[in-house]
Amino acid sequence: MEQTALDKRRWGLDGFQIKMIALIIMTIDHIHYFGCTLYDLPLILTLIGRIAAPLFVFMVAEGFAHTHNRGKYLLRLYIGGTLMQFGNLLVNHFFPLPDGAIVMNGIFSTMALIVFYLLCIEKLREAVRTRNAGAGFLWVLGLIAPIAANIACFALFSIWLPGAQALLYLVPMPMMVEGGVIFVLMGIGLYYCRRSKAALAVFYTALLVILVLLSGVNAFNIQYAFFMWLALPFMLLYNGERGRGMKYLFYIYYPAHVYLFAIITSLLGR
C-alpha cells in the first residue's frame with residue numbers, strides 16, 4: 001500500500017523533465033528564428049516554439065516556491081538577464097544577422113521580474129499580517145518601482161537622453177522584458193494557482209483569451225495562443241518533484257545556443 005502511494009505521488013513529469021522538454025522546444029523555435037533569415041522554414045516550427053516560454057515561466061514560479069534562498073534566486077536570474085542584455089548588444093554589433101534581424105532574447109530578465117514581484121507580494125503579505133506599516137510601505141514601493149522605471153525609460157527615450165539605454169540594460173521592466181506584462185502576470189498567477197490544477201488551468205486559459213482579445217482576434221493570434229495553451233498539459237502533469245539537478249544547465253545553454261546560432265547565421269549570410 002505504501003509503495004502504491006509512492007508510485008502515485010511520483011507519476012507525471014518532474015521539474016527537470018519539464019525543463020528539458022521546454023529546452024528542446026525552445027531550440028526548435030530558435031532554429032526557425034535564425035534560419036528564417038536565410039531560408040524559408042515552415043511556420044509550424046515557431047508555433048511549436050510557443051510552448052517553451054510558458055513552461056519556463058511555470059518552472060520559475062515553482063522554483064520560487066521551493067528555493068531555500070529567494071534572494072539568491074532573484075540575484076542569479078538578474079545577473080543572467082543583465083549579462084544577456086550586453087551579450088545581445090555585442091553579438092548584434094559584431095555579427096549582424098541578415099534581413100535586419102536582431103538578437104533580443106532575454107527570458108532571464110522576465111523571470112527575474114516575476115521573482116521580484118512575487119518576493120515583494122509575499123513580503124507585503126507578511127507585513128500586513130504583522131501590522132508592520134513601515135515595511136508594508138517599502139514593499140509597495142518595490143511593486144511600483146519597475147513600473148516607474150518603465151515610465152522613466154519611455155520619457156528618456158522621448159527626449160533622447162542616454163539614461164534610457166542604461167535603464168534598458170540594468171532594470172527589468174514590465175513592458176520591456178521578453179513576453180511583456182502578460183508573461184509577468186502569468187508567472188505571478190501560476191505561482192498562486194500552483195496548489196490547484198483546476199485553478200491553474202482556468203487561470204492560464206483565461207489569460208490566453210485576454211491575450212488574444214488585446215492583440216486582436218484574428219487567425220494568427222488565435223493560432224499563436226492555441227500553441228501557447230498546449231503548454232498546459234505539461235504543467236498539469238507536473239508531479240511536484242524537482243528531478244535531477246543540473247540547475248546551471250539552462251543558465252549556460254540558453255545564451256550559448258542563441259549566440260552560436262547568431263554567429264553561424266551571420267557568417268552564412270555574408
# chains A, B, ... in the order shown; residues from 1 in each chain; ligands from 1
>>> residues_around(residues="Trp139 of chain A", least_positions_apart="4", cutoff="7 Å", atoms="only C-alpha atoms", output="list of chain:residue names")
A:Cys120, A:Lys123, A:Leu124, A:Ala135, A:Leu143
>>> residues_around(residues="Met176 of chain A", least_positions_apart="5", cutoff="10 Å", atoms="only C-alpha atoms", output="ChimeraX atom specification")
/A:106,109-110,150,153,168,171,181
>>> write_last_selection(atoms="C-alpha atoms", output="mmCIF file, in the first residue's frame")
data_model
loop_
_atom_site.group_PDB
_atom_site.id
_atom_site.type_symbol
_atom_site.label_atom_id
_atom_site.label_comp_id
_atom_site.auth_asym_id
_atom_site.auth_seq_id
_atom_site.Cartn_x
_atom_site.Cartn_y
_atom_site.Cartn_z
ATOM 1 C CA GLY A 106 16.052 37.882 -22.598
ATOM 2 C CA SER A 109 15.054 39.259 -17.170
ATOM 3 C CA THR A 110 11.397 38.224 -17.414
ATOM 4 C CA ASN A 150 9.341 51.749 -17.386
ATOM 5 C CA CYS A 153 12.550 54.885 -19.749
ATOM 6 C CA LEU A 168 17.079 49.052 -20.537
ATOM 7 C CA VAL A 171 16.483 47.313 -14.901
ATOM 8 C CA VAL A 181 3.277 42.264 -18.951
#
>>> closest_residue(among="A:Val91, A:Met246, A:Leu214, A:Ile18", to="Ile182 of chain A", atoms="only C-alpha atoms")
A:Leu214
>>> closest_atom_pairs(of="segment 173-260 of chain A", to="segment 38-50 of chain A", cutoff="10 Å", atoms="only C-alpha atoms", output="Markdown table")
| residue | atom | partner | partner_atom | distance |
| --- | --- | --- | --- | --- |
| A:Phe220 | CA | A:Leu47 | CA | 10.0 |
| A:Gln223 | CA | A:Leu47 | CA | 7.8 |
| A:Tyr224 | CA | A:Leu47 | CA | 6.4 |
| A:Ala225 | CA | A:Arg50 | CA | 8.0 |
| A:Phe226 | CA | A:Arg50 | CA | 8.9 |
| A:Phe227 | CA | A:Arg50 | CA | 5.7 |
| A:Met228 | CA | A:Arg50 | CA | 4.9 |
| A:Trp229 | CA | A:Arg50 | CA | 8.6 |
| A:Leu230 | CA | A:Arg50 | CA | 8.5 |
| A:Ala231 | CA | A:Arg50 | CA | 8.2 |
